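Just below is one structure, and these are the notes that go with it.
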Amino acid sequence: MKEILAVTWMSLRTIPARWGSSLVVVVGMACAVGALVSILSMSAGFLRTMANTGSPSRAIIMSDGALGEWGSTIDHGEATILADMPGVAEDGAHKPIVSAEYFAYTIVSKKSDGQDTGVGVRGVSLEDPLLRPEVKLIDGRWFRPGTYEIVVGKGAQEQFEGLKVGDRIALPSGDWLVTGTFQSNGGANESELITDASTLLSAMRSSAYKSMTVRLSSPAAFTQFKNAITSRPGPALQIDRESDYYAEQSKSFDQYLRTIAYVVGGIMGLGATFGALNTMYSAIAARAREIATLRAIGFGGAAVMISVISETLLFCLIGAGLGVGFAWALFNGYQHAMAGLVIRLAVTPALALTGIGFALALGAIGGLFPAARAARMPIVDALRAV
Amino acid sequence: MKYFPLVLAGLWRKPARTIFTFLSITVAFILFGILAAIDGGIAHQLDAARLDRLIVDTKFGAQLPLAYLDRIAQLPGVTVVAPRQILVGYYQDPKVPFGIIMTDRRFFGVRPELNATKDQIDTLLHTRTGALITVYSAKRFGWKVGDKVPVISNTIQRDGSHTWTFDIVGIIDDMDRPGKARYFIGNYDYMDQERTSDKGTVDRILVRIKDPGRATQTGRAIDALFANSAAPTRTGSERSDRAAGGPSALGDVAFFTRAVVSAVLFMLLFLTGNTMMQSVRERIPEFAVLKTLGYSDRGVLALVIAEALVLCAMAAGAGLAVAKIGVPLIAEASPDWGLWLLMPWSAAATGLAFALLVALVSALLPALKAKRLSIIEALRP
């Protein structure tokens, strides 16, 4: 062990003499890790947004087979029955804490590039703080039911034109006044506009809701609630715990982002690995005499091998640190509109570890072959070359 | 040209180093090629959009009543109006959902690039559960004319069933992109009679106009017709419809590709720069010998730069060739994104230009070093 440390320390001290070529490994890994972590930060931000949206103590009900709120229908009568199901939490006045909701959208333009994009408009039955306590007004006032008024999510307001308090938004039956801004714990709702469900329903001349969200009396009450609905007469419905629903909804898109991240990062990493191989082969060639001397005075091949690998890993670690640092400085907290959502990119500690692990894995490959050569280097020949 | 062997000899002095550098550059340009293919695919899709077609969508999410079709048809300059309702479902594998276009005869008037014969269209319309599919869809799912195909959909039928059965009555193709188009066309009436909600509505109306120059005016006229109804419309060109779909839905694709390409080029600058620097440092006595033999300072400079240019151009060429050959294979393997992948020859040219730029910049310092070296200093033991 002492032997390994000694050889490693010795080789590390010779690094300043070959700064230029060591920099290749550092820069290569920094670029590969930077690309990987930057793209993964979209995935992390997206997942965080979705996770902040769903709560285990709420359930969302849609019509059977609906792939999302969009394709679902729940009529008035059904909504009334559902509110009285066992397992639904009640407020102080023994009224069920539920919201039958309608979902529409309108077209706005992105501030960044002026491109048109859809933004969701959610009609809620009850602006009850007990159902979604995380929704908080931060500017202006709430909409008044029965009038064409609407409140805007913070994310949507920051990313899209024309959603400031006092602006008017084109919605069916004329322009609607923006009366306030809300935040929602960084959840998907912040990308939406919220108004009164009945007002929106009549403006859209629709008679049925799209979905219904209820607060459960406790997270454990979900099974009771679901069983009660499944065993009632009437059309089949799809009941999901809200947190599960949003986790399920984010799966395929997240998978897609990750694929891009690993394809791009992987290809760049491969390029960086070839660079590392190059650097390390030339490093041991430059130090052939020194390594042979060490071996001649009794240091083992394993010690030499480990010293070469640790040197490569050190470069990769510095590169990964730089890459993660760049990604963090450029993108952490950066707001981005994609797939109908406004998300904040997040360079999380877990991502930093992923980036570092990625670089170390590549570094191990890039260091292994040169290290093996260094360990097997014929001592006599190397010394004869002097 | 006579110096070419000398350039090659210089590169081949340390084969391992040259090979690793070569591979790094190759890999980087494979990535460049793939990213260029995404940009190229989007550009191709937009350019291929027909200018005499308009797409009428819902403005706020309400379904569009069928009655809209006749009102649009009466506008001046409108030649064909077709209904479209997508039925989303899957065949056997829930992970591979696809959309079925539920429409009628008029669809083929809006899309003349479909080579359906009059007989095929008649058979489709006379068979309630009939379906026309493209060559690609037939191959992908292994269907042939006469097959009964059960499609599981989230749209429920009157009897509570989720299974929509189709009879394949014909195989057609899209002459704009033969062998690649994924159409599955069924009868609107079949869907509308069987579904339980949204009856008598469509999710999109397709319009063909006589004069592409009047597309914007016609679009405005259509939207004005329904501005005060329960389901206002939003009419756009096929081009803008395509621009909003595909990879662009994920965000700013151009920014993404530019950022990655810059990072890759930056990395390459260091890689090749280092290789050239090492190579020149080792060969200082050799350059001195060349100069002694009468090579000019500039000749030595040119030699080093030529080495870098040859290395980068060959490696980039290899990478771009792999991308050019590989991209169609990726497109084939992933039908959902395949349409959006196309690497144009111009991208290969841009790639080569970048490679030469990297070579010039990275070889500059080592080349100057070789140029400036003094024979006496270099040859002194």
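Scheme for the structure tokens: letters A, B, ... for chains in order shown; per-chain residue numbers from 1; ligand numbers from 1 in order shown.
Near chain A, the residues of chain B that fall inside 7 Å (using only C-alpha atoms) are Arg17, Phe20, Thr21, Leu23, Ser24, Val27, Ala28, Leu31, Lys59, Phe60, Gly61, Ala62, Asn154, Asn228, Ala230, Ala249, Leu250, Gly251, Val260, Ala263, Met267, Phe270, Leu271 and Asn274 of chain B.
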Please return, as a PyMOL selection string, all residues of range 201-311 of chain A that DSSP assigns to strand (DSSP E) on the basis of the backbone. chain A and resi 211-215+237-241
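Proximity to Ala283 in chain A was assessed for A:Thr312, A:Ser41, A:Ser243, A:Thr259 counting only C-alpha atoms; the smallest distance is recorded for A:Thr312.
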Neighbour list for Leu64 in chain B as an MDAnalysis selection string, cut-off 12 Å, only C-alpha atoms, skip fewer than 2 positions in-chain: (chainID A and resid 204) or (chainID B and resid 56:62 66:69 83:85 198:206 226 229:234)
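Of the residues listed (B:Ile38, B:Ile152, B:Ile305, B:Ile284), B:Ile152 shows the shortest atom-to-atom separation from Gly89 in chain B; distances use only C-alpha atoms.
For the pair CA of Arg242 in chain B and CA of Ile42 in chain B, the separation is 8.4 Å.
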Any chance you could list, as a short mmCIF file (atom, residue, chain, number, x, y, z; two decimals) with N, CA and C atoms, in the first residue's frame, the residues in range 185-350 of chain A that come up alpha helix (DSSP H) when DSSP is run on the backbone?
```
data_model
loop_
_atom_site.label_atom_id
_atom_site.label_comp_id
_atom_site.auth_asym_id
_atom_site.auth_seq_id
_atom_site.Cartn_x
_atom_site.Cartn_y
_atom_site.Cartn_z
N ALA A 197 -64.48 26.79 -13.06
CA ALA A 197 -64.90 25.73 -13.98
C ALA A 197 -66.23 26.05 -14.65
N SER A 198 -67.23 26.48 -13.88
CA SER A 198 -68.55 26.70 -14.50
C SER A 198 -68.49 27.80 -15.53
N THR A 199 -67.72 28.85 -15.23
CA THR A 199 -67.60 29.95 -16.18
C THR A 199 -66.94 29.46 -17.47
N LEU A 200 -65.88 28.65 -17.30
CA LEU A 200 -65.17 28.14 -18.47
C LEU A 200 -66.06 27.18 -19.26
N LEU A 201 -66.79 26.31 -18.54
CA LEU A 201 -67.69 25.37 -19.20
C LEU A 201 -68.70 26.12 -20.05
N SER A 202 -69.31 27.18 -19.49
CA SER A 202 -70.34 27.85 -20.27
C SER A 202 -69.71 28.63 -21.42
N ALA A 203 -68.51 29.13 -21.21
CA ALA A 203 -67.85 29.83 -22.31
C ALA A 203 -67.50 28.87 -23.44
N PHE A 222 -56.97 5.87 -0.04
CA PHE A 222 -57.09 5.73 -1.48
C PHE A 222 -57.80 4.44 -1.89
N THR A 223 -57.38 3.32 -1.24
CA THR A 223 -57.94 2.02 -1.60
C THR A 223 -59.44 2.00 -1.36
N GLN A 224 -59.84 2.54 -0.21
CA GLN A 224 -61.25 2.58 0.15
C GLN A 224 -62.04 3.37 -0.90
N PHE A 225 -61.48 4.54 -1.27
CA PHE A 225 -62.10 5.42 -2.24
C PHE A 225 -62.22 4.72 -3.60
N LYS A 226 -61.14 4.09 -4.01
CA LYS A 226 -61.11 3.44 -5.32
C LYS A 226 -62.10 2.28 -5.36
N ASN A 227 -62.10 1.48 -4.28
CA ASN A 227 -63.03 0.34 -4.24
C ASN A 227 -64.47 0.81 -4.29
N ALA A 228 -64.76 1.91 -3.56
CA ALA A 228 -66.12 2.42 -3.53
C ALA A 228 -66.57 2.81 -4.94
N ILE A 229 -65.66 3.43 -5.70
CA ILE A 229 -66.04 3.86 -7.06
C ILE A 229 -66.19 2.66 -7.98
N THR A 230 -65.25 1.72 -7.86
CA THR A 230 -65.28 0.56 -8.76
C THR A 230 -66.55 -0.26 -8.54
N SER A 231 -67.03 -0.32 -7.29
CA SER A 231 -68.18 -1.18 -7.03
C SER A 231 -69.51 -0.46 -7.22
N GLU A 242 -52.81 10.80 -7.23
CA GLU A 242 -52.28 11.88 -8.06
C GLU A 242 -50.78 11.76 -8.28
N SER A 243 -50.04 11.41 -7.21
CA SER A 243 -48.58 11.30 -7.37
C SER A 243 -48.21 10.20 -8.36
N ASP A 244 -48.94 9.06 -8.32
CA ASP A 244 -48.68 7.98 -9.27
C ASP A 244 -49.00 8.42 -10.69
N TYR A 245 -50.11 9.15 -10.82
CA TYR A 245 -50.55 9.60 -12.14
C TYR A 245 -49.47 10.45 -12.81
N TYR A 246 -48.94 11.42 -12.06
CA TYR A 246 -47.93 12.30 -12.66
C TYR A 246 -46.62 11.57 -12.92
N ALA A 247 -46.29 10.61 -12.03
CA ALA A 247 -45.07 9.83 -12.26
C ALA A 247 -45.21 9.03 -13.55
N GLU A 248 -46.39 8.44 -13.75
CA GLU A 248 -46.65 7.63 -14.94
C GLU A 248 -46.61 8.51 -16.20
N GLN A 249 -47.21 9.70 -16.08
CA GLN A 249 -47.26 10.62 -17.22
C GLN A 249 -45.87 11.07 -17.66
N SER A 250 -44.93 11.14 -16.70
CA SER A 250 -43.62 11.68 -17.06
C SER A 250 -42.68 10.61 -17.62
N LYS A 251 -43.04 9.34 -17.46
CA LYS A 251 -42.12 8.26 -17.81
C LYS A 251 -41.56 8.33 -19.22
N SER A 252 -42.44 8.35 -20.22
CA SER A 252 -41.92 8.16 -21.57
C SER A 252 -41.12 9.38 -22.02
N PHE A 253 -41.58 10.56 -21.63
CA PHE A 253 -40.84 11.76 -22.03
C PHE A 253 -39.48 11.79 -21.36
N ASP A 254 -39.45 11.38 -20.10
CA ASP A 254 -38.18 11.37 -19.38
C ASP A 254 -37.23 10.35 -20.01
N GLN A 255 -37.79 9.21 -20.38
CA GLN A 255 -36.99 8.17 -21.04
C GLN A 255 -36.34 8.74 -22.30
N TYR A 256 -37.13 9.52 -23.01
CA TYR A 256 -36.67 10.10 -24.26
C TYR A 256 -35.51 11.06 -24.01
N LEU A 257 -35.67 11.94 -23.00
CA LEU A 257 -34.60 12.90 -22.68
C LEU A 257 -33.32 12.18 -22.28
N ARG A 258 -33.48 11.13 -21.47
CA ARG A 258 -32.31 10.38 -21.02
C ARG A 258 -31.60 9.72 -22.18
N THR A 259 -32.36 9.18 -23.12
CA THR A 259 -31.74 8.55 -24.28
C THR A 259 -30.87 9.57 -25.01
N ILE A 260 -31.41 10.75 -25.26
CA ILE A 260 -30.63 11.78 -25.95
C ILE A 260 -29.38 12.09 -25.16
N ALA A 261 -29.54 12.27 -23.84
CA ALA A 261 -28.40 12.64 -22.99
C ALA A 261 -27.29 11.61 -23.09
N TYR A 262 -27.67 10.32 -22.99
CA TYR A 262 -26.62 9.29 -22.98
C TYR A 262 -26.04 9.05 -24.37
N VAL A 263 -26.83 9.26 -25.42
CA VAL A 263 -26.28 9.11 -26.77
C VAL A 263 -25.26 10.23 -27.02
N VAL A 264 -25.68 11.47 -26.78
CA VAL A 264 -24.78 12.61 -27.02
C VAL A 264 -23.57 12.54 -26.08
N GLY A 265 -23.83 12.37 -24.78
CA GLY A 265 -22.74 12.31 -23.81
C GLY A 265 -21.84 11.12 -24.07
N GLY A 266 -22.43 10.00 -24.46
CA GLY A 266 -21.66 8.78 -24.70
C GLY A 266 -20.71 8.94 -25.88
N ILE A 267 -21.22 9.53 -26.97
CA ILE A 267 -20.36 9.71 -28.14
C ILE A 267 -19.22 10.66 -27.80
N MET A 268 -19.55 11.78 -27.11
CA MET A 268 -18.49 12.71 -26.73
C MET A 268 -17.51 12.05 -25.77
N GLY A 269 -18.06 11.23 -24.86
CA GLY A 269 -17.20 10.53 -23.91
C GLY A 269 -16.25 9.58 -24.61
N LEU A 270 -16.74 8.92 -25.67
CA LEU A 270 -15.89 8.01 -26.43
C LEU A 270 -14.72 8.79 -27.03
N GLY A 271 -15.04 9.96 -27.61
CA GLY A 271 -13.99 10.81 -28.17
C GLY A 271 -12.98 11.20 -27.11
N ALA A 272 -13.50 11.56 -25.92
CA ALA A 272 -12.62 11.98 -24.82
C ALA A 272 -11.77 10.81 -24.35
N THR A 273 -12.34 9.59 -24.39
CA THR A 273 -11.58 8.42 -23.95
C THR A 273 -10.39 8.17 -24.88
N PHE A 274 -10.63 8.30 -26.19
CA PHE A 274 -9.49 8.16 -27.12
C PHE A 274 -8.42 9.20 -26.81
N GLY A 275 -8.87 10.42 -26.47
CA GLY A 275 -7.93 11.46 -26.09
C GLY A 275 -7.13 11.07 -24.85
N ALA A 276 -7.82 10.46 -23.89
CA ALA A 276 -7.16 10.05 -22.64
C ALA A 276 -6.14 8.95 -22.92
N LEU A 277 -6.54 7.99 -23.77
CA LEU A 277 -5.61 6.90 -24.12
C LEU A 277 -4.33 7.48 -24.71
N ASN A 278 -4.54 8.42 -25.63
CA ASN A 278 -3.42 9.07 -26.28
C ASN A 278 -2.48 9.73 -25.27
N THR A 279 -3.09 10.52 -24.40
CA THR A 279 -2.31 11.25 -23.41
C THR A 279 -1.54 10.31 -22.49
N MET A 280 -2.22 9.26 -22.04
CA MET A 280 -1.57 8.38 -21.07
C MET A 280 -0.48 7.54 -21.72
N TYR A 281 -0.72 7.09 -22.97
CA TYR A 281 0.34 6.36 -23.66
C TYR A 281 1.58 7.24 -23.80
N SER A 282 1.35 8.52 -24.17
CA SER A 282 2.54 9.36 -24.36
C SER A 282 3.16 9.71 -23.01
N ALA A 283 2.34 9.77 -21.96
CA ALA A 283 2.90 10.06 -20.64
C ALA A 283 3.83 8.94 -20.19
N ILE A 284 3.38 7.69 -20.39
CA ILE A 284 4.27 6.61 -19.93
C ILE A 284 5.49 6.47 -20.83
N ALA A 285 5.31 6.83 -22.12
CA ALA A 285 6.47 6.79 -23.01
C ALA A 285 7.50 7.81 -22.54
N ALA A 286 7.01 8.99 -22.14
CA ALA A 286 7.92 10.05 -21.69
C ALA A 286 8.60 9.65 -20.38
N ALA A 288 9.27 6.53 -19.43
CA ALA A 288 9.72 5.14 -19.52
C ALA A 288 10.93 4.88 -18.63
N ARG A 289 11.89 5.81 -18.70
CA ARG A 289 13.12 5.64 -17.95
C ARG A 289 12.84 5.62 -16.44
N GLU A 290 12.01 6.57 -16.04
CA GLU A 290 11.66 6.69 -14.63
C GLU A 290 10.93 5.43 -14.12
N ILE A 291 9.99 4.97 -14.95
CA ILE A 291 9.23 3.79 -14.54
C ILE A 291 10.15 2.57 -14.47
N ALA A 292 11.04 2.45 -15.46
CA ALA A 292 11.96 1.31 -15.47
C ALA A 292 12.87 1.35 -14.24
N THR A 293 13.31 2.55 -13.87
CA THR A 293 14.16 2.68 -12.69
C THR A 293 13.41 2.21 -11.45
N LEU A 294 12.17 2.66 -11.33
CA LEU A 294 11.35 2.25 -10.18
C LEU A 294 11.25 0.73 -10.11
N ARG A 295 10.96 0.13 -11.28
CA ARG A 295 10.81 -1.32 -11.31
C ARG A 295 12.14 -1.99 -10.95
N ALA A 296 13.23 -1.38 -11.42
CA ALA A 296 14.55 -1.98 -11.17
C ALA A 296 14.90 -1.97 -9.70
N GLY A 301 4.96 -4.25 -10.44
CA GLY A 301 4.19 -3.81 -11.61
C GLY A 301 2.83 -3.25 -11.22
N ALA A 302 2.21 -3.88 -10.20
CA ALA A 302 0.88 -3.44 -9.79
C ALA A 302 0.91 -1.99 -9.30
N ALA A 303 1.95 -1.66 -8.56
CA ALA A 303 2.04 -0.29 -8.04
C ALA A 303 2.12 0.71 -9.19
N VAL A 304 2.92 0.36 -10.20
CA VAL A 304 3.05 1.24 -11.37
C VAL A 304 1.71 1.37 -12.09
N MET A 305 1.05 0.22 -12.25
CA MET A 305 -0.23 0.20 -12.94
C MET A 305 -1.24 1.09 -12.23
N ILE A 306 -1.31 0.91 -10.91
CA ILE A 306 -2.30 1.70 -10.16
C ILE A 306 -1.96 3.18 -10.24
N SER A 307 -0.66 3.49 -10.24
CA SER A 307 -0.32 4.91 -10.28
C SER A 307 -0.77 5.54 -11.60
N VAL A 308 -0.65 4.79 -12.72
CA VAL A 308 -1.08 5.34 -14.01
C VAL A 308 -2.59 5.51 -14.04
N ILE A 309 -3.30 4.48 -13.52
CA ILE A 309 -4.76 4.58 -13.53
C ILE A 309 -5.21 5.73 -12.63
N SER A 310 -4.59 5.85 -11.45
CA SER A 310 -5.08 6.93 -10.57
C SER A 310 -4.81 8.30 -11.18
N GLU A 311 -3.72 8.39 -11.92
CA GLU A 311 -3.45 9.67 -12.57
C GLU A 311 -4.54 10.00 -13.59
N THR A 312 -4.91 8.99 -14.41
CA THR A 312 -5.99 9.21 -15.38
C THR A 312 -7.27 9.61 -14.67
N LEU A 313 -7.58 8.87 -13.60
CA LEU A 313 -8.81 9.15 -12.87
C LEU A 313 -8.80 10.56 -12.31
N LEU A 314 -7.63 11.01 -11.85
CA LEU A 314 -7.54 12.35 -11.30
C LEU A 314 -7.90 13.39 -12.37
N PHE A 315 -7.31 13.21 -13.57
CA PHE A 315 -7.64 14.14 -14.66
C PHE A 315 -9.13 14.12 -14.95
N CYS A 316 -9.69 12.91 -15.00
CA CYS A 316 -11.11 12.78 -15.32
C CYS A 316 -11.96 13.45 -14.25
N LEU A 317 -11.53 13.31 -13.00
CA LEU A 317 -12.27 13.90 -11.90
C LEU A 317 -12.27 15.42 -12.02
N ILE A 318 -11.10 15.99 -12.32
CA ILE A 318 -11.04 17.44 -12.50
C ILE A 318 -11.92 17.85 -13.68
N GLY A 319 -11.83 17.08 -14.79
CA GLY A 319 -12.65 17.38 -15.96
C GLY A 319 -14.12 17.31 -15.62
N ALA A 320 -14.52 16.24 -14.91
CA ALA A 320 -15.93 16.08 -14.55
C ALA A 320 -16.38 17.24 -13.67
N GLY A 321 -15.51 17.63 -12.72
CA GLY A 321 -15.85 18.76 -11.85
C GLY A 321 -16.09 20.02 -12.66
N LEU A 322 -15.20 20.27 -13.63
CA LEU A 322 -15.38 21.44 -14.49
C LEU A 322 -16.67 21.34 -15.30
N GLY A 323 -16.91 20.15 -15.85
CA GLY A 323 -18.11 19.95 -16.67
C GLY A 323 -19.37 20.19 -15.87
N VAL A 324 -19.43 19.57 -14.68
CA VAL A 324 -20.60 19.76 -13.82
C VAL A 324 -20.72 21.23 -13.44
N GLY A 325 -19.58 21.85 -13.12
CA GLY A 325 -19.59 23.27 -12.73
C GLY A 325 -20.15 24.15 -13.84
N PHE A 326 -19.70 23.90 -15.09
CA PHE A 326 -20.21 24.68 -16.22
C PHE A 326 -21.70 24.48 -16.39
N ALA A 327 -22.12 23.20 -16.36
CA ALA A 327 -23.54 22.90 -16.52
C ALA A 327 -24.33 23.60 -15.44
N TRP A 328 -23.80 23.58 -14.21
CA TRP A 328 -24.51 24.20 -13.09
C TRP A 328 -24.61 25.72 -13.30
N ALA A 329 -23.47 26.33 -13.65
CA ALA A 329 -23.45 27.78 -13.80
C ALA A 329 -24.35 28.23 -14.95
N LEU A 330 -24.37 27.45 -16.04
CA LEU A 330 -25.15 27.87 -17.20
C LEU A 330 -26.62 27.54 -17.07
N PHE A 331 -26.94 26.36 -16.52
CA PHE A 331 -28.31 25.87 -16.65
C PHE A 331 -29.08 25.67 -15.36
N PRO A 349 -27.38 17.31 -6.97
CA PRO A 349 -26.21 16.55 -6.51
C PRO A 349 -26.17 15.15 -7.13
N ALA A 350 -27.34 14.53 -7.31
CA ALA A 350 -27.37 13.20 -7.92
C ALA A 350 -26.81 13.25 -9.34
#
```
Just want the 12 Å neighbourhood of Gly77 in chain A, counted on only C-alpha atoms, with same-chain residues fewer than 3 positions away dropped. Output as a list in words. Thr73, Ile74, Thr80, Ile81, Leu82, Ala83, Asp84, Ala100, Ser207, Ala208, Tyr209, Gly234 and Pro235 of chain A
Please, what distance in Å, to one decimal, runs between CA of Asp159 in chain B and CA of Arg128 in chain B? 17.0 Å
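Counting from CA of Val37 in chain A, the distance to CA of Thr354 in chain A is 8.0 Å.
Residues in contact with Leu130 in chain A at 10 Å, where only C-alpha atoms are counted and same-chain residues fewer than 5 positions away are skipped, are listed as A:Ala89, A:Glu90, A:Asp91, A:Ile97, A:Val98, A:Val135, A:Arg215.
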Quick one: residues within 12 Å of range 349-356 of chain B, only C-alpha atoms counted, chain neighbours fewer than 5 positions away excluded, as number ranges by chain? B: 22, 25-26, 28-37, 261-262, 264-266, 268-269, 272, 305-321, 323-324, 343-344, 361-363
Write the residues of the preceding selection, restricted to C-alpha atoms, as a compact mmCIF listing (two decimals), in the first residue's frame.
```txt
# COMPACT_ATOMS: atom_id res chain seq x y z
CA PHE B 22 -8.14 9.92 -35.74
CA ILE B 25 -12.15 13.16 -34.53
CA THR B 26 -14.16 10.46 -36.29
CA ALA B 28 -16.92 13.70 -32.90
CA PHE B 29 -17.97 14.03 -36.51
CA ILE B 30 -20.35 11.10 -36.24
CA LEU B 31 -22.09 13.13 -33.54
CA PHE B 32 -21.90 16.23 -35.74
CA GLY B 33 -23.52 14.27 -38.57
CA ILE B 34 -26.36 13.01 -36.39
CA LEU B 35 -27.09 16.50 -35.05
CA ALA B 36 -26.94 17.93 -38.57
CA ALA B 37 -29.40 15.22 -39.59
CA VAL B 261 -21.46 21.18 -31.77
CA SER B 262 -19.50 24.02 -30.16
CA VAL B 264 -17.39 19.07 -29.61
CA LEU B 265 -15.30 21.42 -31.73
CA PHE B 266 -13.74 22.96 -28.62
CA LEU B 268 -11.28 18.64 -30.82
CA LEU B 269 -9.21 21.81 -30.84
CA THR B 272 -5.56 17.77 -32.32
CA ILE B 305 -0.19 22.30 -41.27
CA ALA B 306 -0.62 19.79 -44.09
CA GLU B 307 -0.27 16.93 -41.61
CA ALA B 308 -3.04 18.39 -39.44
CA LEU B 309 -5.25 19.06 -42.46
CA VAL B 310 -4.83 15.54 -43.80
CA LEU B 311 -5.48 13.97 -40.39
CA CYS B 312 -8.58 16.07 -39.67
CA ALA B 313 -10.01 15.82 -43.18
CA MET B 314 -9.63 12.04 -43.33
CA ALA B 315 -10.99 11.47 -39.82
CA ALA B 316 -13.87 13.91 -40.29
CA GLY B 317 -14.58 12.35 -43.67
CA ALA B 318 -14.77 8.93 -42.04
CA GLY B 319 -17.06 10.22 -39.29
CA LEU B 320 -19.35 12.02 -41.70
CA ALA B 321 -19.48 8.96 -43.94
CA ALA B 323 -23.20 9.33 -40.10
CA LYS B 324 -24.38 9.57 -43.70
CA MET B 343 -28.43 14.31 -43.38
CA PRO B 344 -28.00 16.52 -46.45
CA VAL B 361 -6.21 26.54 -35.64
CA SER B 362 -4.76 23.58 -33.76
CA ALA B 363 -1.71 23.24 -36.03
```
